[in-house]
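Dropping upload23.txt in here (compact mmCIF, C-alpha atoms):
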```txt
# COMPACT_ATOMS: atom_id res chain seq x y z
CA ASP A 216 142.68 113.49 144.56
CA LEU A 217 142.53 116.80 142.68
CA THR A 218 144.17 115.44 139.53
CA ARG A 219 141.76 112.54 139.27
CA GLU A 220 138.78 114.84 139.85
CA THR A 221 140.03 117.23 137.18
CA GLN A 222 140.41 114.39 134.70
CA ALA A 223 136.93 113.11 135.52
CA ARG A 224 135.40 116.55 134.96
CA ALA A 225 137.27 116.92 131.66
CA LEU A 226 135.93 113.55 130.51
CA GLU A 227 132.43 114.56 131.58
CA VAL A 228 132.62 117.78 129.55
CA GLN A 229 133.91 115.85 126.56
CA THR A 230 131.05 113.34 126.87
CA LEU A 231 128.46 116.11 127.13
CA ASN A 232 129.87 117.85 124.07
CA GLN A 233 129.69 114.60 122.11
CA PHE A 234 126.13 114.07 123.29
CA GLY A 235 125.22 117.57 122.14
CA ARG A 236 126.63 116.91 118.69
CA GLU A 237 124.75 113.63 118.33
CA VAL A 238 121.50 115.17 119.53
CA ALA A 239 121.89 117.94 116.95
CA ALA A 240 122.42 115.28 114.28
CA ALA A 241 119.26 113.43 115.35
CA GLN A 242 117.27 115.80 113.10
CA LEU A 243 114.55 116.43 115.67
CA GLU A 244 113.48 112.79 115.90
CA VAL A 245 112.10 112.24 119.42
CA ASP A 246 112.85 108.50 119.53
CA GLN A 247 116.44 109.10 118.47
CA ILE A 248 116.84 111.75 121.17
CA PHE A 249 115.51 109.32 123.78
CA ASP A 250 117.85 106.55 122.64
CA LEU A 251 120.82 108.92 122.86
CA VAL A 252 119.88 109.95 126.39
CA TYR A 253 119.74 106.32 127.46
CA ARG A 254 123.01 105.41 125.73
CA TYR A 255 125.00 108.28 127.22
CA ILE A 256 123.63 107.85 130.72
CA SER A 257 124.50 104.16 130.49
CA GLN A 258 128.15 105.17 130.11
CA THR A 259 128.24 106.61 133.63
CA ALA A 260 125.54 104.77 135.59
CA HIS A 261 123.79 101.44 135.88
CA THR A 262 120.57 101.68 133.82
CA SER A 263 118.87 98.32 134.35
CA ASN A 264 115.99 100.25 135.96
CA PHE A 265 115.63 103.40 133.91
CA LEU A 266 112.81 105.57 132.66
CA LEU A 267 112.43 108.56 130.41
CA ALA A 268 108.94 110.00 130.45
CA LEU A 269 107.16 112.84 128.69
CA ILE A 270 104.72 114.82 130.81
CA ASP A 271 101.12 115.27 129.71
CA HIS A 272 100.11 118.24 131.85
CA GLU A 273 96.53 118.32 130.57
CA ARG A 274 95.81 114.73 131.61
CA GLY A 275 98.08 114.73 134.64
CA GLU A 276 99.98 111.72 133.32
CA ALA A 277 103.54 110.61 132.64
CA ASP A 278 104.04 108.92 129.27
CA LEU A 279 106.79 106.32 129.78
CA ARG A 280 108.18 106.39 126.26
CA LEU A 281 111.46 104.65 127.09
CA TRP A 282 111.91 102.55 130.21
CA TYR A 283 113.69 99.46 131.44
CA ARG A 284 112.75 97.16 134.28
CA ASP A 285 115.29 94.65 135.56
CA GLY A 286 117.34 95.18 132.39
CA GLU A 287 114.45 94.49 130.00
CA ARG A 288 112.97 97.20 127.81
CA GLN A 289 109.26 97.62 128.48
CA PRO A 290 106.45 98.71 126.13
CA PRO A 291 105.37 102.34 126.48
CA ARG A 292 102.69 103.01 129.07
CA ARG A 293 101.05 105.88 130.89
CA VAL A 294 100.95 106.33 134.65
CA PRO A 295 99.40 109.02 136.85
CA LEU A 296 101.67 112.00 137.44
CA THR A 297 102.03 111.38 141.15
CA GLY A 298 104.71 110.12 143.50
CA PHE A 299 108.33 111.06 142.89
CA MET A 300 107.79 112.11 139.27
CA GLY A 301 104.90 114.33 140.28
CA TRP A 302 107.04 115.94 142.99
CA VAL A 303 109.92 116.58 140.57
CA VAL A 304 107.58 118.15 138.00
CA GLU A 305 105.84 120.31 140.60
CA HIS A 306 109.07 121.55 142.22
CA ARG A 307 111.08 121.68 138.97
CA GLN A 308 114.18 120.20 140.63
CA PRO A 309 116.02 116.87 140.89
CA LEU A 310 115.28 114.38 143.64
CA ARG A 311 118.04 112.05 144.82
CA ILE A 312 117.09 109.30 147.25
CA ASN A 313 119.90 107.47 148.99
CA ASP A 314 117.75 104.88 150.76
CA LEU A 315 114.01 104.61 150.22
CA GLU A 316 113.67 102.59 153.43
CA ARG A 317 115.44 105.09 155.68
CA ASP A 318 115.33 108.53 154.05
CA ASP A 319 112.70 111.09 154.98
CA LEU A 320 110.85 111.16 151.64
CA PRO A 321 108.73 114.10 150.42
CA VAL A 322 106.16 111.75 148.83
CA ARG A 323 105.56 108.07 148.20
CA GLY A 324 106.68 106.73 144.84
CA ILE A 325 105.15 104.48 142.21
CA ARG A 326 106.60 100.99 142.08
CA LEU A 327 107.73 100.21 138.54
CA THR A 328 110.01 97.27 139.30
CA GLU A 329 109.21 93.73 140.43
CA HIS A 330 111.17 94.33 143.62
CA PRO A 331 111.12 97.64 145.49
CA ALA A 332 114.06 99.93 144.77
CA ARG A 333 116.35 101.16 147.53
CA SER A 334 117.89 104.23 145.87
CA ALA A 335 116.77 106.46 143.02
CA LEU A 336 117.52 109.64 141.11
CA PHE A 337 114.86 111.73 139.34
CA VAL A 338 115.76 114.72 137.14
CA PRO A 339 113.31 116.99 135.27
CA LEU A 340 113.69 117.94 131.61
CA ILE A 341 113.00 121.67 131.62
CA ALA A 342 112.73 123.98 128.60
CA GLY A 343 111.93 127.58 129.51
CA GLU A 344 109.04 127.57 131.96
CA ARG A 345 107.77 124.13 131.06
CA VAL A 346 108.73 120.71 132.40
CA LEU A 347 108.72 118.44 129.35
CA GLY A 348 109.71 115.18 130.99
CA VAL A 349 111.55 113.27 133.69
CA VAL A 350 114.55 110.95 133.54
CA SER A 351 115.13 108.50 136.37
CA LEU A 352 117.53 105.84 137.58
CA GLN A 353 116.68 103.28 140.25
CA SER A 354 118.71 100.62 142.04
CA PHE A 355 117.98 97.74 144.39
CA GLN A 356 121.00 98.81 146.46
CA PRO A 357 121.15 101.90 148.70
CA GLN A 358 123.60 104.77 148.16
CA GLN A 359 124.02 104.13 144.43
CA PHE A 360 123.70 107.70 143.13
CA ASN A 361 125.80 110.68 144.15
CA ALA A 362 126.19 114.35 143.29
CA ASP A 363 128.25 113.49 140.21
CA HIS A 364 125.43 111.35 138.82
CA GLN A 365 122.95 114.12 139.53
CA ARG A 366 125.11 116.76 137.84
CA PHE A 367 125.66 114.60 134.75
CA LEU A 368 121.97 113.64 134.42
CA THR A 369 120.94 117.26 134.85
CA ALA A 370 123.29 118.36 132.07
CA ILE A 371 122.01 115.58 129.79
CA ALA A 372 118.41 116.44 130.68
CA ASN A 373 118.92 120.13 129.89
CA GLN A 374 120.29 119.41 126.43
CA ALA A 375 117.61 116.81 125.75
CA ALA A 376 114.86 119.22 126.83
CA LEU A 377 116.03 121.85 124.35
CA ALA A 378 116.12 119.25 121.58
CA LEU A 379 112.63 118.00 122.48
CA GLU A 380 111.28 121.56 122.50
CA GLN A 381 112.75 122.17 119.05
CA ALA A 382 111.29 118.86 117.85
CA ALA A 383 107.85 119.87 119.14
CA LEU A 384 108.07 123.26 117.39
CA TYR A 385 109.18 121.56 114.19
CA GLU A 386 106.29 119.08 114.38
CA LYS A 387 103.84 121.92 114.99
CA GLU A 388 105.09 123.80 111.94
CA ARG A 389 105.07 120.62 109.87
CA ARG A 390 101.45 119.94 110.78
CA ARG A 391 100.55 123.53 109.99
CA ALA A 392 102.20 123.24 106.58
CA THR A 393 100.32 119.98 105.97
CA GLN A 394 97.05 121.70 106.88
CA LEU A 395 97.70 124.49 104.38
CA GLU A 396 98.69 122.00 101.68
CA THR A 397 95.51 120.00 102.33
CA ILE A 398 93.33 123.11 102.09
CA ALA A 399 95.04 124.11 98.84
CA GLU A 400 94.62 120.61 97.36
CA VAL A 401 90.94 120.46 98.31
CA SER A 402 90.38 123.91 96.79
CA GLN A 403 91.97 122.79 93.53
CA ARG A 404 89.92 119.59 93.39
CA VAL A 405 86.63 121.42 94.09
CA ALA A 406 86.86 123.05 90.68
CA GLY A 407 87.21 119.69 88.93
CA ILE A 408 84.84 117.44 90.88
CA TYR A 409 81.18 118.02 90.14
CA ASP A 410 79.73 115.05 91.99
CA LEU A 411 79.16 116.02 95.65
CA LYS A 412 79.52 112.48 96.99
CA GLU A 413 82.80 112.00 95.16
CA LEU A 414 84.06 115.32 96.52
CA MET A 415 83.15 114.47 100.12
CA SER A 416 84.80 111.05 99.82
CA PHE A 417 87.96 112.73 98.55
CA VAL A 418 87.94 115.27 101.42
CA ALA A 419 87.48 112.56 104.07
CA ALA A 420 90.26 110.42 102.60
CA ILE A 421 92.80 113.23 102.26
CA ILE A 422 92.17 114.43 105.82
CA LYS A 423 92.70 110.93 107.20
CA VAL A 424 95.91 110.35 105.21
CA ASN A 425 97.49 113.79 105.67
CA PHE A 426 96.80 114.07 109.40
CA GLY A 427 97.02 110.41 110.35
CA TYR A 428 93.55 110.32 111.92
CA TYR A 429 92.00 107.02 112.91
CA HIS A 430 88.65 107.89 111.39
CA VAL A 431 86.97 110.69 109.42
CA ASP A 432 83.21 111.07 108.86
CA ILE A 433 81.15 113.70 107.04
CA TYR A 434 77.50 114.23 107.94
CA GLY A 435 74.90 116.41 106.28
CA LEU A 436 71.73 118.05 107.61
CA ASP A 437 68.63 116.27 106.35
CA ASP A 438 65.08 116.75 107.70
CA GLY A 439 66.21 117.93 111.11
CA ALA A 440 68.75 115.13 111.60
CA LEU A 441 72.32 114.32 110.61
CA THR A 442 72.70 111.86 107.77
CA HIS A 443 75.99 110.09 107.14
CA ARG A 444 77.33 111.07 103.72
CA THR A 445 80.76 109.46 103.65
CA GLY A 446 83.52 108.15 105.87
CA THR A 447 86.75 106.20 106.01
CA GLY A 448 85.42 103.28 108.07
CA ILE A 449 84.49 99.83 106.83
CA ASP A 450 80.95 99.66 108.19
CA GLU A 451 79.03 102.91 108.70
CA SER A 452 75.54 101.39 108.88
CA GLN A 453 75.17 101.85 112.65
CA HIS A 454 75.75 105.60 112.33
CA GLU A 455 73.72 106.36 109.21
CA ARG A 456 71.48 108.83 111.04
CA MET A 457 72.20 110.86 114.18
CA GLU A 458 69.98 113.13 116.23
CA ILE A 459 70.91 116.78 116.58
CA ALA A 460 71.15 116.48 120.34
CA GLU A 461 73.66 115.94 123.11
CA THR A 462 73.36 112.17 122.74
CA SER A 463 76.50 112.04 120.58
CA LEU A 464 79.58 114.18 119.98
CA ILE A 465 78.52 114.85 116.40
CA GLY A 466 74.99 115.75 117.47
CA THR A 467 76.32 118.08 120.17
CA ALA A 468 78.53 119.96 117.70
CA ALA A 469 75.58 120.33 115.30
CA LEU A 470 73.20 121.41 118.08
CA HIS A 471 75.45 124.22 119.28
CA GLU A 472 76.81 125.00 115.79
CA THR A 473 80.37 125.14 117.08
CA PRO A 474 83.50 122.95 116.92
CA LEU A 475 83.84 120.38 119.71
CA LEU A 476 87.25 119.18 120.91
CA VAL A 477 87.42 116.10 123.16
CA ASN A 478 90.89 115.03 124.28
CA ASP A 479 89.78 111.68 125.73
CA VAL A 480 86.64 110.23 124.15
CA SER A 481 86.76 107.21 126.46
CA GLN A 482 85.71 109.53 129.28
CA ASP A 483 82.78 111.04 127.37
CA ALA A 484 79.46 109.14 127.38
CA ARG A 485 78.43 110.86 124.13
CA PHE A 486 81.16 109.09 122.14
CA LYS A 487 79.95 106.49 119.63
CA PHE A 488 82.68 104.01 118.70
CA ASP A 489 83.49 103.44 115.02
CA PRO A 490 85.00 99.95 114.49
```
Using the file provided, produce a representation of the structure as structure tokens.
Amino acid sequence: DLTRETQARALEVQTLNQFGREVAAAQLEVDQIFDLVYRYISQTAHTSNFLLALIDHERGEADLRLWYRDGERQPPRRVPLTGFMGWVVEHRQPLRINDLERDDLPVRGIRLTEHPARSALFVPLIAGERVLGVVSLQSFQPQQFNADHQRFLTAIANQAALALEQAALYEKERRRATQLETIAEVSQRVAGIYDLKELMSFVAAIIKVNFGYYHVDIYGLDDGALTHRTGTGIDESQHERMEIAETSLIGTAALHETPLLVNDVSQDARFKFDP
């Protein structure tokens, strides 16, 4: 009746306000934001098959940062941005499926559970003009999600998207500050280090530590080739000398005398692995 619906809406508003306060207290930590989303959605819906994904638009992938299958939390993984998630991202709107076996579906989904789901709800996380992620619930039973679930998930998703956007901006500024601090520290050390090899070793080490890179190498030009001067790897013997040619990423950058950015080295034949 009307009284019960009014009470339910009041409780929903109260829950959303509490969620907003806890998200604000998460101090821009992405994992904490994700955990809060899962915990609050669990208060109103069955979350044994749940996913919260970040969207990598450049690679066309969904990064499943937090997801459960049959009640068990799964390790993060990446999947192609297709199926229901792809549709939600493209159309920037929720998708509620009452019965996957009978409904007229806009696309075919990706099976993430051991048994095929019967009903599902997908909601985008939108901040401004950009879709940051997707939150989804799935059930083995049909007709498990209604308009109330969709409204609540959309409200949670909107707050989470704003928090994630702020976290991304904070991380960007933090990295920029780290870059400036690194440049300042290197500049100060240059005046006190007179041995070139020692200086290059220091530069490689501080770049790796401050930016969290897997590997840092410095090469020098020597007799028309690139000679390895220093690096942060254990064994550099296999890369002591590189041609200035498009046979390696380093050689390509030297050949064209310009920076080279490769987002996925596994897809580039010029990449030489450093163990």
* Do you know which residues are at most 8 Å from stretch 312-318 of chain A counting all atoms listed in the file, after dropping those on the same chain fewer than 4 positions away, and could you put them as a PyMOL selection string? -> chain A and resi 332-336+357-360
* Asked: Can you tell me how far atom CA of A:Gly301 sits from atom CA of A:Gly275, in Å to one decimal?
  -> 8.9 Å
* **From A:His306, A:Arg391, A:His272, A:Arg311, residue lying nearest A:His364 [only C-alpha atoms]** => A:Arg311
* **Distance of atom CA of A:Val245 from atom CA of A:Asn264, expressed in Å to one decimal place** =>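 These two atoms are separated by 20.8 Å.
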* Asked: Skipping near chain neighbours, those fewer than 4 positions away, what residues fall within 9 Å of A:Asp278 using all atoms listed in the file, listed as JSON, numbers by chain?
  -> {"A": [267, 268, 269, 270, 271, 291, 292, 293, 294, 295, 348]}
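You can rank A:Ala392, A:Met300, A:Val431, A:Ala277 by their closest distance to A:Ser351 using only C-alpha atoms, and at the top of that list sits A:Met300.
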